[in-house]
$ cat my_file31.cif   # mmCIF, C-alpha atoms; chains and numbers go by the auth columns
data_start
#
loop_
_atom_site.group_PDB
_atom_site.id
_atom_site.type_symbol
_atom_site.label_atom_id
_atom_site.label_comp_id
_atom_site.label_asym_id
_atom_site.label_seq_id
_atom_site.Cartn_x
_atom_site.Cartn_y
_atom_site.Cartn_z
_atom_site.B_iso_or_equiv
_atom_site.auth_seq_id
_atom_site.auth_asym_id
ATOM 1 C CA MET A 1 66.136 30.289 39.521 0.00 713 N
ATOM 2 C CA SER A 2 68.089 31.125 42.662 0.00 714 N
ATOM 3 C CA VAL A 3 69.890 34.334 43.546 0.00 715 N
ATOM 4 C CA SER A 4 73.632 33.854 43.272 0.00 716 N
ATOM 5 C CA ARG A 5 76.046 35.234 45.815 0.00 717 N
ATOM 6 C CA LEU A 6 77.757 36.857 42.835 0.00 718 N
ATOM 7 C CA LEU A 7 74.897 39.368 42.885 0.00 719 N
ATOM 8 C CA LYS A 8 76.059 40.850 46.185 0.00 720 N
ATOM 9 C CA ASN A 9 77.629 43.705 44.298 0.00 721 N
ATOM 10 C CA PHE A 10 74.569 44.111 42.132 0.00 722 N
ATOM 11 C CA LEU A 11 73.861 47.803 41.673 0.00 723 N
ATOM 12 C CA LEU A 12 70.578 48.729 40.099 0.00 724 N
ATOM 13 C CA ALA A 13 71.919 52.021 38.677 0.00 725 N
ATOM 14 C CA GLY A 14 69.065 54.231 39.084 0.00 726 N
ATOM 15 C CA VAL A 15 67.380 51.497 39.233 0.00 727 N
ATOM 16 C CA ALA A 16 65.053 49.167 37.426 0.00 728 N
ATOM 17 C CA LEU A 17 63.849 47.980 40.819 0.00 729 N
ATOM 18 C CA ALA A 18 63.999 51.256 42.731 0.00 730 N
ATOM 19 C CA GLY A 19 60.477 52.314 41.944 0.00 731 N
ATOM 20 C CA LEU A 20 59.042 48.880 42.556 0.00 732 N
ATOM 21 C CA VAL A 21 59.475 49.413 46.310 0.00 733 N
ATOM 22 C CA GLY A 22 56.534 50.328 48.480 0.00 734 N
ATOM 23 C CA SER A 23 53.578 50.450 46.060 0.00 735 N
ATOM 24 C CA THR A 24 50.479 48.274 45.706 0.00 736 N
ATOM 25 C CA ALA A 25 50.070 46.464 42.382 0.00 737 N
ATOM 26 C CA GLN A 26 46.649 46.606 40.718 0.00 738 N
ATOM 27 C CA ALA A 27 45.489 45.516 37.280 0.00 739 N
ATOM 28 C CA GLN A 28 42.363 46.529 35.403 0.00 740 N
ATOM 29 C CA VAL A 29 41.021 44.010 32.855 0.00 741 N
ATOM 30 C CA THR A 30 38.459 45.343 30.403 0.00 742 N
ATOM 31 C CA THR A 31 37.667 42.806 27.663 0.00 743 N
ATOM 32 C CA THR A 32 35.565 39.661 27.376 0.00 744 N
ATOM 33 C CA ALA A 33 38.722 37.587 26.825 0.00 745 N
ATOM 34 C CA ALA A 34 39.712 38.229 30.435 0.00 746 N
ATOM 35 C CA VAL A 35 37.074 36.071 32.153 0.00 747 N
ATOM 36 C CA PRO A 36 38.187 34.178 35.290 0.00 748 N
ATOM 37 C CA SER A 37 38.669 30.891 33.409 0.00 749 N
ATOM 38 C CA ALA A 38 40.934 32.613 30.855 0.00 750 N
ATOM 39 C CA LEU A 39 43.169 34.003 33.609 0.00 751 N
ATOM 40 C CA SER A 40 43.651 30.605 35.260 0.00 752 N
ATOM 41 C CA GLY A 41 46.950 28.831 34.612 0.00 753 N
ATOM 42 C CA ALA A 42 50.527 29.823 33.865 0.00 754 N
ATOM 43 C CA TYR A 43 51.591 32.999 32.048 0.00 755 N
ATOM 44 C CA VAL A 44 54.806 34.584 30.781 0.00 756 N
ATOM 45 C CA PHE A 45 54.980 38.207 31.966 0.00 757 N
ATOM 46 C CA SER A 46 57.460 40.524 30.217 0.00 758 N
ATOM 47 C CA GLU A 47 57.909 44.225 30.980 0.00 759 N
ATOM 48 C CA GLU A 48 60.299 46.887 29.737 0.00 760 N
ATOM 49 C CA GLY A 49 60.621 50.650 29.613 0.00 761 N
ATOM 50 C CA VAL A 50 62.260 53.464 31.556 0.00 762 N
ATOM 51 C CA THR A 51 61.881 55.458 34.747 0.00 763 N
ATOM 52 C CA ALA A 52 61.571 59.238 34.886 0.00 764 N
ATOM 53 C CA GLY A 53 65.271 59.276 35.757 0.00 765 N
ATOM 54 C CA GLY A 54 66.174 57.372 32.592 0.00 766 N
ATOM 55 C CA ALA A 55 66.939 53.991 34.194 0.00 767 N
ATOM 56 C CA ARG A 56 65.923 50.959 32.150 0.00 768 N
ATOM 57 C CA VAL A 57 63.287 48.584 33.517 0.00 769 N
ATOM 58 C CA THR A 58 63.375 45.004 32.231 0.00 770 N
ATOM 59 C CA THR A 59 61.508 42.199 34.004 0.00 771 N
ATOM 60 C CA LEU A 60 60.651 38.651 32.936 0.00 772 N
ATOM 61 C CA SER A 61 58.342 36.607 35.181 0.00 773 N
ATOM 62 C CA HIS A 62 56.614 33.243 35.287 0.00 774 N
ATOM 63 C CA LEU A 63 53.202 33.733 36.955 0.00 775 N
ATOM 64 C CA THR A 64 50.538 31.178 37.866 0.00 776 N
ATOM 65 C CA PHE A 65 46.904 32.222 38.378 0.00 777 N
ATOM 66 C CA ALA A 66 45.237 29.613 40.601 0.00 778 N
ATOM 67 C CA ASP A 67 41.686 29.019 41.800 0.00 779 N
ATOM 68 C CA GLY A 68 40.650 31.213 44.695 0.00 780 N
ATOM 69 C CA GLY A 69 42.309 34.312 43.274 0.00 781 N
ATOM 70 C CA VAL A 70 45.895 33.410 44.248 0.00 782 N
ATOM 71 C CA VAL A 71 48.886 34.393 42.089 0.00 783 N
ATOM 72 C CA THR A 72 52.412 33.034 42.583 0.00 784 N
ATOM 73 C CA GLY A 73 55.572 33.097 40.520 0.00 785 N
ATOM 74 C CA VAL A 74 59.220 33.979 40.013 0.00 786 N
ATOM 75 C CA ALA A 75 60.541 37.253 38.562 0.00 787 N
ATOM 76 C CA ALA A 76 63.934 38.044 37.006 0.00 788 N
ATOM 77 C CA ALA A 77 64.765 41.774 36.879 0.00 789 N
ATOM 78 C CA GLN A 78 67.644 43.023 34.748 0.00 790 N
ATOM 79 C CA GLY A 79 69.763 45.923 35.925 0.00 791 N
ATOM 80 C CA ALA A 80 72.902 47.609 34.614 0.00 792 N
ATOM 81 C CA THR A 81 75.230 44.900 35.932 0.00 793 N
ATOM 82 C CA GLY A 82 73.234 41.681 35.972 0.00 794 N
ATOM 83 C CA ILE A 83 70.070 39.795 36.912 0.00 795 N
ATOM 84 C CA ILE A 84 68.350 39.527 40.277 0.00 796 N
ATOM 85 C CA SER A 85 65.614 36.956 40.922 0.00 797 N
ATOM 86 C CA TYR A 86 62.892 36.868 43.553 0.00 798 N
ATOM 87 C CA GLY A 87 59.596 35.139 44.298 0.00 799 N
ATOM 88 C CA VAL A 88 56.306 36.996 43.851 0.00 800 N
ATOM 89 C CA GLN A 89 52.861 36.302 45.246 0.00 801 N
ATOM 90 C CA GLY A 90 49.530 38.044 45.379 0.00 802 N
ATOM 91 C CA ASN A 91 45.821 37.914 44.611 0.00 803 N
ATOM 92 C CA TYR A 92 43.593 38.584 41.624 0.00 804 N
ATOM 93 C CA LYS A 93 39.876 39.162 41.143 0.00 805 N
ATOM 94 C CA VAL A 94 37.819 39.324 37.947 0.00 806 N
ATOM 95 C CA ASP A 95 34.197 40.551 38.121 0.00 807 N
ATOM 96 C CA SER A 96 31.265 39.682 35.865 0.00 808 N
ATOM 97 C CA ASP A 97 31.739 42.922 33.932 0.00 809 N
ATOM 98 C CA TYR A 98 35.278 41.754 32.998 0.00 810 N
ATOM 99 C CA THR A 99 37.077 44.231 35.228 0.00 811 N
ATOM 100 C CA GLY A 100 39.454 43.030 37.879 0.00 812 N
ATOM 101 C CA THR A 101 42.459 43.611 40.103 0.00 813 N
ATOM 102 C CA LEU A 102 45.859 41.996 40.464 0.00 814 N
ATOM 103 C CA THR A 103 48.140 42.424 43.469 0.00 815 N
ATOM 104 C CA LEU A 104 51.748 41.205 43.347 0.00 816 N
ATOM 105 C CA ASN A 105 54.318 41.434 46.120 0.00 817 N
ATOM 106 C CA GLY A 106 57.841 40.140 46.581 0.00 818 N
ATOM 107 C CA THR A 107 61.207 40.822 48.168 0.00 819 N
ATOM 108 C CA TRP A 108 64.739 40.877 46.822 0.00 820 N
ATOM 109 C CA THR A 109 68.053 40.938 48.673 0.00 821 N
ATOM 110 C CA ASP A 110 70.284 43.980 48.218 0.00 822 N
ATOM 111 C CA ALA A 111 74.101 44.154 48.284 0.00 823 N
ATOM 112 C CA ASP A 112 74.017 44.515 52.088 0.00 824 N
ATOM 113 C CA ASN A 113 71.827 41.397 52.495 0.00 825 N
ATOM 114 C CA GLY A 114 68.824 43.564 53.330 0.00 826 N
ATOM 115 C CA ASP A 115 65.318 42.642 52.188 0.00 827 N
ATOM 116 C CA GLN A 116 63.600 45.132 49.868 0.00 828 N
ATOM 117 C CA ALA A 117 59.858 45.091 49.126 0.00 829 N
ATOM 118 C CA VAL A 118 58.700 44.875 45.504 0.00 830 N
ATOM 119 C CA SER A 119 55.320 45.773 43.943 0.00 831 N
ATOM 120 C CA GLU A 120 53.816 47.668 40.983 0.00 832 N
ATOM 121 C CA ASN A 121 50.562 48.896 39.375 0.00 833 N
ATOM 122 C CA LEU A 122 49.419 47.867 35.912 0.00 834 N
ATOM 123 C CA THR A 123 46.393 48.315 33.671 0.00 835 N
ATOM 124 C CA LEU A 124 45.724 45.364 31.336 0.00 836 N
ATOM 125 C CA VAL A 125 43.646 44.798 28.194 0.00 837 N
ATOM 126 C CA ALA A 126 43.231 41.351 26.622 0.00 838 N
ATOM 127 C CA SER A 127 43.383 40.738 22.864 0.00 839 N
ATOM 128 C CA ALA A 128 41.140 38.419 20.867 0.00 840 N
ATOM 129 C CA SER A 129 43.954 35.841 20.755 0.00 841 N
ATOM 130 C CA GLY A 130 44.106 35.696 24.554 0.00 842 N
ATOM 131 C CA GLU A 131 47.334 37.674 24.974 0.00 843 N
ATOM 132 C CA ILE A 132 47.102 40.512 27.483 0.00 844 N
ATOM 133 C CA ASN A 133 48.819 43.850 26.898 0.00 845 N
ATOM 134 C CA ALA A 134 49.619 46.083 29.840 0.00 846 N
ATOM 135 C CA ILE A 135 50.822 49.537 30.779 0.00 847 N
ATOM 136 C CA ARG A 136 52.316 50.473 34.116 0.00 848 N
ATOM 137 C CA THR A 137 50.554 53.354 35.836 0.00 849 N
ATOM 138 C CA ASP A 138 52.932 54.116 38.727 0.00 850 N
ATOM 139 C CA ALA A 139 54.160 57.714 38.799 0.00 851 N
ATOM 140 C CA GLY A 140 57.623 58.014 37.300 0.00 852 N
ATOM 141 C CA PHE A 141 57.489 54.752 35.358 0.00 853 N
ATOM 142 C CA PHE A 142 56.960 54.428 31.616 0.00 854 N
ATOM 143 C CA THR A 143 56.820 50.724 30.850 0.00 855 N
ATOM 144 C CA VAL A 144 54.692 48.365 28.782 0.00 856 N
ATOM 145 C CA ALA A 145 54.163 44.667 29.366 0.00 857 N
ATOM 146 C CA GLN A 146 52.551 41.522 28.033 0.00 858 N
ATOM 147 C CA LEU A 147 51.022 38.427 29.585 0.00 859 N
ATOM 148 C CA LEU A 148 51.420 35.459 27.245 0.00 860 N
ATOM 149 C CA ARG A 149 49.877 32.111 28.131 0.00 861 N
ATOM 150 C CA ALA A 150 52.712 29.679 28.946 0.00 862 N
ATOM 151 C CA GLY A 151 53.389 26.790 26.563 0.00 863 N
ATOM 152 C CA GLN A 152 52.833 23.194 27.579 0.00 864 N
ATOM 153 C CA GLU A 153 55.823 21.669 25.777 0.00 865 N
ATOM 154 C CA GLY A 154 58.467 24.250 26.665 0.00 866 N
ATOM 155 C CA LEU A 155 60.969 25.451 24.067 0.00 867 N
ATOM 156 C CA LYS A 156 60.545 23.293 20.969 0.00 868 N
ATOM 157 C CA GLY A 157 60.575 24.022 17.248 0.00 869 N
ATOM 158 C CA ASP A 158 61.649 27.077 15.249 0.00 870 N
ATOM 159 C CA TYR A 159 61.714 30.674 16.522 0.00 871 N
ATOM 160 C CA LEU A 160 62.680 34.026 14.995 0.00 872 N
ATOM 161 C CA PHE A 161 63.779 37.242 16.689 0.00 873 N
ATOM 162 C CA ILE A 162 65.429 40.536 15.771 0.00 874 N
ATOM 163 C CA ASP A 163 67.799 42.678 17.810 0.00 875 N
ATOM 164 C CA SER A 164 68.407 46.378 17.249 0.00 876 N
ATOM 165 C CA ALA A 165 69.522 49.034 19.704 0.00 877 N
ATOM 166 C CA SER A 166 68.913 52.726 18.991 0.00 878 N
ATOM 167 C CA ASP A 167 72.172 53.750 20.667 0.00 879 N
ATOM 168 C CA ARG A 168 74.368 51.272 18.755 0.00 880 N
ATOM 169 C CA GLN A 169 75.152 50.667 15.086 0.00 881 N
ATOM 170 C CA TYR A 170 74.177 47.009 15.270 0.00 882 N
ATOM 171 C CA THR A 171 71.281 44.903 13.998 0.00 883 N
ATOM 172 C CA ARG A 172 70.706 41.175 13.692 0.00 884 N
ATOM 173 C CA LEU A 173 68.083 38.683 12.571 0.00 885 N
ATOM 174 C CA VAL A 174 68.164 35.288 14.298 0.00 886 N
ATOM 175 C CA LYS A 175 66.557 31.907 13.629 0.00 887 N
ATOM 176 C CA LEU A 176 66.798 29.308 16.399 0.00 888 N
ATOM 177 C CA SER A 177 65.616 25.698 16.384 0.00 889 N
ATOM 178 C CA PHE A 178 65.058 23.788 19.638 0.00 890 N
ATOM 179 C CA ASP A 179 64.925 19.988 19.401 0.00 891 N
ATOM 180 C CA GLY A 180 62.938 19.459 22.627 0.00 892 N
ATOM 181 C CA ALA A 181 65.812 17.508 24.185 0.00 893 N
ATOM 182 C CA GLY A 182 68.290 20.245 25.145 0.00 894 N
ATOM 183 C CA SER A 183 70.051 21.130 21.880 0.00 895 N
ATOM 184 C CA ALA A 184 69.643 24.363 19.906 0.00 896 N
ATOM 185 C CA SER A 185 70.927 25.351 16.469 0.00 897 N
ATOM 186 C CA GLY A 186 70.377 28.067 13.913 0.00 898 N
ATOM 187 C CA PHE A 187 71.911 31.113 12.312 0.00 899 N
ATOM 188 C CA GLU A 188 71.987 34.875 12.578 0.00 900 N
ATOM 189 C CA ILE A 189 72.519 37.621 10.019 0.00 901 N
ATOM 190 C CA VAL A 190 74.286 40.526 11.697 0.00 902 N
ATOM 191 C CA ASN A 191 75.114 43.962 10.323 0.00 903 N
ATOM 192 C CA THR A 192 77.733 46.195 11.946 0.00 904 N
ATOM 193 C CA PRO A 193 79.667 49.180 10.541 0.00 905 N
ATOM 194 C CA GLY A 194 81.516 47.949 7.460 0.00 906 N
ATOM 195 C CA LEU A 195 80.667 44.284 7.961 0.00 907 N
ATOM 196 C CA SER A 196 77.671 42.009 7.329 0.00 908 N
ATOM 197 C CA GLN A 197 77.931 38.341 8.344 0.00 909 N
ATOM 198 C CA ARG A 198 75.891 35.152 8.456 0.00 910 N
ATOM 199 C CA LEU A 199 76.886 33.201 11.557 0.00 911 N
ATOM 200 C CA THR A 200 76.180 29.585 12.517 0.00 912 N
ATOM 201 C CA LEU A 201 74.746 29.108 16.018 0.00 913 N
ATOM 202 C CA GLN A 202 75.008 26.046 18.262 0.00 914 N
ATOM 203 C CA GLY A 203 73.847 25.765 21.841 0.00 915 N
ATOM 204 C CA THR A 204 72.256 23.926 24.725 0.00 916 N
ATOM 205 C CA TYR A 205 69.306 24.656 26.975 0.00 917 N
ATOM 206 C CA VAL A 206 68.060 23.325 30.318 0.00 918 N
ATOM 207 C CA SER A 207 64.589 23.699 31.860 0.00 919 N
ATOM 208 C CA GLN A 208 64.504 24.856 35.486 0.00 920 N
ATOM 209 C CA ALA A 209 61.979 23.920 38.166 0.00 921 N
ATOM 210 C CA ASP A 210 60.668 27.510 38.349 0.00 922 N
ATOM 211 C CA GLY A 211 59.578 27.531 34.686 0.00 923 N
ATOM 212 C CA PHE A 212 62.615 29.374 33.303 0.00 924 N
ATOM 213 C CA VAL A 213 64.937 27.889 30.679 0.00 925 N
ATOM 214 C CA SER A 214 68.701 28.535 30.685 0.00 926 N
ATOM 215 C CA LEU A 215 70.058 28.901 27.126 0.00 927 N
ATOM 216 C CA THR A 216 73.719 29.062 26.035 0.00 928 N
ATOM 217 C CA LEU A 217 74.627 29.948 22.433 0.00 929 N
ATOM 218 C CA ASN A 218 78.063 29.565 20.825 0.00 930 N
ATOM 219 C CA PHE A 219 79.314 30.994 17.524 0.00 931 N
ATOM 220 C CA GLN A 220 82.326 32.464 15.758 0.00 932 N
ATOM 221 C CA THR A 221 82.381 36.010 14.424 0.00 933 N
ATOM 222 C CA GLN A 222 84.862 38.192 12.597 0.00 934 N
ATOM 223 C CA ASP A 223 86.048 41.315 14.412 0.00 935 N
ATOM 224 C CA GLU A 224 86.971 44.686 12.889 0.00 936 N
ATOM 225 C CA ASN A 225 90.535 43.434 12.263 0.00 937 N
ATOM 226 C CA GLY A 226 89.364 40.373 10.341 0.00 938 N
ATOM 227 C CA ASP A 227 90.230 37.970 13.170 0.00 939 N
ATOM 228 C CA MET A 228 87.817 35.195 14.207 0.00 940 N
ATOM 229 C CA GLN A 229 86.481 35.355 17.749 0.00 941 N
ATOM 230 C CA ASN A 230 84.676 32.650 19.750 0.00 942 N
ATOM 231 C CA ILE A 231 81.539 34.107 21.369 0.00 943 N
ATOM 232 C CA VAL A 232 79.349 32.665 24.131 0.00 944 N
ATOM 233 C CA GLU A 233 75.975 34.222 25.016 0.00 945 N
ATOM 234 C CA ASN A 234 73.746 33.211 27.944 0.00 946 N
ATOM 235 C CA TYR A 235 70.007 33.824 28.172 0.00 947 N
ATOM 236 C CA SER A 236 67.117 33.157 30.523 0.00 948 N
ATOM 237 C CA CYS A 237 63.938 32.210 28.648 0.00 949 N
ATOM 238 C CA LEU A 238 60.246 31.543 29.198 0.00 950 N
ATOM 239 C CA ALA A 239 58.242 29.598 26.628 0.00 951 N
ATOM 240 C CA GLY A 240 54.741 30.731 25.707 0.00 952 N
ATOM 241 C CA ALA A 241 52.050 28.932 23.744 0.00 953 N
ATOM 242 C CA SER A 242 52.589 31.173 20.694 0.00 954 N
ATOM 243 C CA GLY A 243 56.202 32.267 21.146 0.00 955 N
ATOM 244 C CA ALA A 244 58.813 32.897 23.816 0.00 956 N
ATOM 245 C CA ARG A 245 60.486 35.725 25.737 0.00 957 N
ATOM 246 C CA MET A 246 64.074 35.929 26.956 0.00 958 N
ATOM 247 C CA ILE A 247 66.637 38.240 28.494 0.00 959 N
ATOM 248 C CA ARG A 248 70.411 38.069 28.159 0.00 960 N
ATOM 249 C CA ILE A 249 72.012 37.406 31.541 0.00 961 N
ATOM 250 C CA ASP A 250 75.693 38.015 30.719 0.00 962 N
ATOM 251 C CA SER A 251 75.397 41.485 29.210 0.00 963 N
ATOM 252 C CA VAL A 252 74.842 45.037 30.461 0.00 964 N
ATOM 253 C CA GLN A 253 72.443 45.541 27.536 0.00 965 N
ATOM 254 C CA PRO A 254 68.909 45.296 28.993 0.00 966 N
ATOM 255 C CA GLY A 255 65.815 44.387 27.056 0.00 967 N
ATOM 256 C CA ILE A 256 63.246 41.703 26.266 0.00 968 N
ATOM 257 C CA PHE A 257 63.807 39.495 23.226 0.00 969 N
ATOM 258 C CA THR A 258 60.493 38.501 21.636 0.00 970 N
ATOM 259 C CA LEU A 259 60.735 35.129 19.860 0.00 971 N
ATOM 260 C CA ALA A 260 58.024 34.468 17.277 0.00 972 N
ATOM 261 C CA LYS A 261 57.154 30.842 16.634 0.00 973 N
#

$ encode --input "my_file31.cif" --output "C-alpha cells"
Amino acid sequence: MSVSRLLKNFLLAGVALAGLVGSTAQAQVTTTAAVPSALSGAYVFSEEGVTAGGARVTTLSHLTFADGGVVTGVAAAQGATGIISYGVQGNYKVDSDYTGTLTLNGTWTDADNGDQAVSENLTLVASASGEINAIRTDAGFFTVAQLLRAGQEGLKGDYLFIDSASDRQYTRLVKLSFDGAGSASGFEIVNTPGLSQRLTLQGTYVSQADGFVSLTLNFQTQDENGDMQNIVENYSCLAGASGARMIRIDSVQPGIFTLAK
C-alpha cells in the first residue's frame, strides 16, 4: 500500500497519529501462549480508541515476527479525512517466563512533505486460542488492540460483521462471501430512522503485495425521499486465520470492522 499524493492535504484533526510521535513502543506478554514460536510469523494488528483530546485513533497493520527478534510491517492509520500508510520496523524479545518486549518504529510524510516519527507502547496478553489482546499505555491515549494470526489463504469464504455508531441513528448487519478469485457478494440488513432495508451487495477485491486487500462494494439503497441511489464503498482489509479486519478508506467515519468467519 503506497501513500498517494492525494494525502498531501491530509489533516489528522487532533490527531490519531499526533501522540504516536516520539515515544518508544514496548509490549509485555504474560501468558504461556506467547512463547517465541507462537509469536513467529505474520499477524493482523488492529487498534482503536481515543486520545485525551477526543481524537479518534484507528490503525490497521500487517506485522511479521521473524527469527532473531525482528519485526517488520505496514500500517494504515485512519484520520478525519482519509488514510495514511507507512512502513514499520522494530524488535521483539520473549523470555522463558513468557514476558517480553516489542519495539515498533516508523515514519509518515506530512502535508508539507516532512518526515514524522511514529511509535507507541502496548501491554499484551495472549488468549488460549492464540489471539493477543492489547492495551496502549502511553499517557493521553485510551486504545485497545488485537493481534490476530494472519490467514494463509487470504479472504475466502463467508464473513459476518455489524456496524453501529453511537453518534448516529444507523445500524447494519452484513454477510459477505469471498470466492477466492476476486469476487465478493452478499447482503446487508440496515436500519435507519423510518426505514429498514435488505440490500444486495456485489463487489471485487484485490490482494496487495504488502498483505492488505482492497475491497470495493456496490449496492442500491433507498433514500429518505424513496429514490434509489447507487452506492460504492471502498475498504482496506487484512485476513486473519479466524476472521478479518478492515477499515473504510472513503469515509470520514473511523473504526475497525471485525469480520467473523

$ residues_around --input "my_file31.cif" --residues "Asn817 of chain N" --least-positions-apart "5" --cutoff "6 Å" --atoms "all atoms listed in the file" --output "PyMOL selection string"
chain N and resi 800-802+830-831

$ residues_near_point --input "my_file31.cif" --point "(72.8, 37.9, 34.8)" --cutoff "6 Å" --atoms "only C-alpha atoms" --output "list in words"
Gly794, Ile795, Ile961 and Asp962 of chain N

$ closest_atom_pairs --input "my_file31.cif" --of "segment 804-902 of chain N" --to "segment 931-952 of chain N" --cutoff "9 Å" --atoms "all atoms listed in the file" --output "tab-separated table"
residue	atom	partner	partner_atom	distance
N:Leu860	CA	N:Gly952	CA	6.0
N:Arg861	CA	N:Gly952	CA	5.6
N:Ala862	CA	N:Gly952	CA	4.0
N:Gly863	CA	N:Gly952	CA	4.3
N:Gln864	CA	N:Gly952	CA	8.0
N:Glu865	CA	N:Ala951	CA	8.3
N:Gly866	CA	N:Ala951	CA	5.4
N:Leu867	CA	N:Ala951	CA	5.6
N:Lys868	CA	N:Ala951	CA	8.8

$ atom_distance --input "my_file31.cif" --atom1 "atom CA of Leu834 of chain N" --atom2 "atom CA of Leu814 of chain N"
8.2 Å

$ residues_around --input "my_file31.cif" --residues "Arg848 of chain N" --least-positions-apart "4" --cutoff "7 Å" --atoms "all atoms listed in the file" --output "list in words"
Asn833, Leu834, Thr835, Phe853, Phe854, Thr855 and Val856 of chain N

$ closest_atom_pairs --input "my_file31.cif" --of "segment 894-940 of chain N" --to "segment 774-790 of chain N" --cutoff "12 Å" --atoms "only C-alpha atoms" --output "CSV"
residue,atom,partner,partner_atom,distance
N:Gln920,CA,N:Val786,CA,11.5
N:Ala921,CA,N:Val786,CA,10.6
N:Asp922,CA,N:Val786,CA,6.8
N:Gly923,CA,N:His774,CA,6.5
N:Phe924,CA,N:His774,CA,7.4
N:Val925,CA,N:His774,CA,10.9

$ residues_around --input "my_file31.cif" --residues "Tyr871 of chain N" --least-positions-apart "5" --cutoff "8 Å" --atoms "all atoms listed in the file" --output "list in words"
Lys887, Leu888, Ser889, Gly955, Leu971, Ala972 and Lys973 of chain N

$ atom_distance --input "my_file31.cif" --atom1 "atom CA of Val769 of chain N" --atom2 "atom CA of Leu913 of chain N"
28.6 Å

$ atom_distance --input "my_file31.cif" --atom1 "atom CA of Gly967 of chain N" --atom2 "atom CA of Phe873 of chain N"
12.8 Å

$ resolve_selection --input "my_file31.cif" --expression "the PyMOL selection byres ((chain N and resi 819) around 10)" --output "MDAnalysis selection string"
chainID N and resid 733 797:801 817:818 820:822 826:831

$ resolve_selection --input "my_file31.cif" --expression "the PyMOL selection byres ((chain N and resi 883) around 7)" --output "ChimeraX atom specification"
/N:875-876,882,884,902-904

$ closest_residue --input "my_file31.cif" --among "N:Leu836, N:Leu927, N:Ile901, N:Val918" --to "Leu872 of chain N" --atoms "only C-alpha atoms"
N:Ile901

$ resolve_selection --input "my_file31.cif" --expression "the PyMOL selection byres ((chain N and resi 845) around 6)" --output "list in words"
Leu836, Val837, Ile844, Ala846, Ala857 and Gln858 of chain N
